[in-house]
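In what follows, a structure is listed as structure tokens, so that the remarks can point back to it.
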Amino acid sequence: MRTDFGELVIEQAIVHSVPTRAKNDPREYTVELSDEASPLSDKVQSALEKRLFRIFNTHACSVTEDPEPKSPLPDWVRDFTVGEQDLVEISGHLARHLQDCQTGSTSRGLLVVAQVRLAQQPALLLVKLEQETGMQARRVGEEGKRTFDVQFYADLLFTEKANVFKLALFTADGAKEDLLQGWAADRQRSTRRMAGFFLHDFLGCTFTEDPAEVTGRFHDVALKWVNSRLSEPADSQARIDYTMAILSELQSTPETINPREFTTRNLKGDHRREFLAHLAENGIPEQTFVKDTELIEPRLQKMRVDFSSGAFLVAPLDAVEETVTFEALEDGRTTATVTGEVTNTQGFSPPGGRSKKTSPAAQTTVTSPVEDSRDTDGQ
């Protein structure tokens with residue numbers, strides 16, 4: 001599913017306090033339920049929508065209901081989107097369910113359940129927060145009903161008294177599918193933790209696509225675009241830069257990839273639009289997906305650049321970044337300069353080829369049109 005999270009509009013929200021009980025703790029910890037939705041000023045509502053947009057746009061992954069039911073949540077979402085449950089009723093169910101799913105190591109927290117619209121569709125938003133001391137519900141509203149007032153949201157947004165940890169969003173269209181479709185996000189992303197506690201146990205979902213499979217396809221599809229779209233000699237520098245960016249993204253620490261964000265950071269001009277269109281045509285999600293390089297790990301260790309002369313350069317990516325410089329010449333050729341201390345020289349025979357001897361030099365320069373730039377496992 002593709003959407004613009006900037007179109008998210010909050011209509012009403014309710015907040016519950018959800019304590020955690022250690023596995024062997026005999027004491028009872030009661031969920032503190034609000035009795036009605038919280039009043040929201042226009043200013044606070046707008047600020048909350050903007051903050052949620054940034055989180056979803058950066059971290060949200062597409063999720064699908066697990067066909068082997070582990071959670072009642074998907075059925076509750078369906079009931080809510082067709083009007084069979086109201087916000088207060090379903091949010092109470094969700095708060096108790098969250099407490100049942102939490103482990104003793106999980107911090108006491110707050111659950112925000114909001115009735116929202118996304119691209120004019122009715123939707124349900126869930127936000128799990130860590131509660132800080134001093135963030136207490138205030139009894140406001142008719143007959144002293146318990147709820148959180150506007151100041152709670154002001155504290156949440158502007159003084160950072162709570163940390164937004166995990167979020168989920170389900171639209172009416174997603175609820176009409178045979179298996180519930182939606183998005184989940186985690187600012188403290190840890191794939192295993194999200195899969196075990198929040199994703200599977202609470203949401204009853206799994207990632208829409210296998211992380212290792214979609215990561216491998218991103219790698220292949222992205223490099224195919226680079227080498228087919230930037231095939232002219234004049235494009236050699238961009239070709240090299242983009243290849244390095246793709247490999248660096250896959251080797252980086254974050255456990256997710258956001259194709260739009262990657263494209264904005266690393267590509268220029270019309271290349272951005274063309275690259276995203278190519279990803280979409282090949283089934284790569286435009287939104288964030290979980291990164292798992294298990295299937296392509298050997299191909300991320302080194303980068304290879306081929307020249308039309310038959311010469312080629314193979315080196316670890318960090319060595320390319322630190323010791324190799326490329327210079328585009330006016331005649332369409334590219335100069336590759338490797339600077340470093342020579343440690344060994346020997347003949348080299350690639351599979352099926354003949355040995356070639358290399359000459360020792362503190363600085364080696366190869367000038368030739370760039371024929372290809374891609375990752376390699378060194379073979």
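Chain labels follow the order of the structure tokens: the first chain is A, the next B, and so on; residue numbering restarts at 1 in every chain, and ligands are counted from 1 in their shown order.
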request  = Within 8 Å of range 32-36 of chain A, counting only C-alpha atoms, which residues show up once you throw out same-chain ones fewer than 5 positions away? Write them as a list in words, please.
outcome  =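 Skipping anything fewer than 5 positions along the chain leaves Ile14, Val15, His16, Ser17, Val18, Val88, Gly92, Ala95, Lys145, Arg146, Thr147 and Phe148 of chain A.
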key: DSSP-assigned alpha helix (DSSP H) among range 134-336 of chain A, expressed as a ChimeraX atom specification   = /A:150-154,172-176,191-193,211-229,236-251,259-266,270-281,317-323
request  = Name the closest residue to Thr325 in chain A among the candidates A:Thr339, A:Gln12, A:Ser46, A:Ser252; distances are taken between atoms, counting only C-alpha atoms.
outcome  = A:Thr339
Polymer residues at most 12 Å from Val31 in chain A, only C-alpha atoms, same-chain spacing of 6 or more positions, as a list in words = Val15, His16, Ser17, Val18, Pro19, Thr20, Arg21, Ser91, Gly92, His93, Leu94, Ala95, Arg96, His97, Leu98, Gln99, Asp100, Arg108, Gly109, Leu110 and Leu111 of chain A
Could you save those same residues with C-alpha atoms as an mmCIF file, in the first residue's frame?
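Wrote selection.cif, looks like this:
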```cif
data_model
loop_
_atom_site.group_PDB
_atom_site.id
_atom_site.type_symbol
_atom_site.label_atom_id
_atom_site.label_comp_id
_atom_site.auth_asym_id
_atom_site.auth_seq_id
_atom_site.Cartn_x
_atom_site.Cartn_y
_atom_site.Cartn_z
ATOM 1 C CA VAL A 15 -5.444 7.861 26.397
ATOM 2 C CA HIS A 16 -5.095 4.977 28.865
ATOM 3 C CA SER A 17 -2.337 4.240 31.373
ATOM 4 C CA VAL A 18 -1.037 0.683 30.987
ATOM 5 C CA PRO A 19 1.107 -0.717 33.833
ATOM 6 C CA THR A 20 3.477 -3.655 33.521
ATOM 7 C CA ARG A 21 3.618 -6.628 35.857
ATOM 8 C CA SER A 91 -9.566 1.517 23.167
ATOM 9 C CA GLY A 92 -10.402 -0.170 26.466
ATOM 10 C CA HIS A 93 -10.065 -3.589 24.844
ATOM 11 C CA LEU A 94 -6.749 -2.558 23.311
ATOM 12 C CA ALA A 95 -5.332 -1.205 26.588
ATOM 13 C CA ARG A 96 -6.087 -4.457 28.445
ATOM 14 C CA HIS A 97 -4.710 -6.476 25.536
ATOM 15 C CA LEU A 98 -1.504 -4.419 25.567
ATOM 16 C CA GLN A 99 -1.019 -5.128 29.267
ATOM 17 C CA ASP A 100 -1.456 -8.864 28.633
ATOM 18 C CA ARG A 108 4.918 1.433 32.354
ATOM 19 C CA GLY A 109 3.378 3.323 29.523
ATOM 20 C CA LEU A 110 0.480 5.066 27.876
ATOM 21 C CA LEU A 111 -1.623 3.926 24.984
#
```
task = Quick one: pull the distance between CA of Val221 in chain A and CA of Asn282 in chain A, Å, one decimal.
result =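 Distance reported for this atom pair: 7.2 Å.
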task = Using only C-alpha atoms, pick whichever of A:Asp241, A:Val44, A:Leu250, A:Glu286 has the shortest atom-to-atom distance to Asn266 in chain A.
result =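 Checking each candidate against Asn266 in chain A, we get A:Asp241 as the closest.
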inquiry  = Counting only C-alpha atoms, which residue out of A:Gln237, A:Thr243, A:Ser41, A:Thr206 sits closest to Ala222 in chain A?
reply    =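 Nearest candidate to Ala222 in chain A out of A:Gln237, A:Thr243, A:Ser41, A:Thr206: A:Thr243.
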task = Could you check how far CA of Val214 in chain A sits from CA of Ile284 in chain A, in Å to one decimal?
result =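 Distance between the two atoms: 7.0 Å.
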inquiry  = Taking only C-alpha atoms into account, name the residue in A:Cys61, A:Leu313, A:Ala238, A:Met244 that is nearest to Lys268 in chain A.
reply    = A:Ala238
Nearest to Val290 in chain A by atom-to-atom distance, counting only C-alpha atoms, from A:Arg304, A:Lys43, A:Lys50, A:His59 =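 Closest to Val290 in chain A, using only C-alpha atoms: A:His59.
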message = Between A:Ala212, A:Cys101, A:Ala280, A:Ala47, which residue has the minimum interatomic distance to Leu295 in chain A, considering only C-alpha atoms?
response =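 Closest to Leu295 in chain A, using only C-alpha atoms: A:Ala212.
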ask   = What is the CA of Ala168 in chain A to CA of Phe80 in chain A distance in Å?
value = 14.8 Å
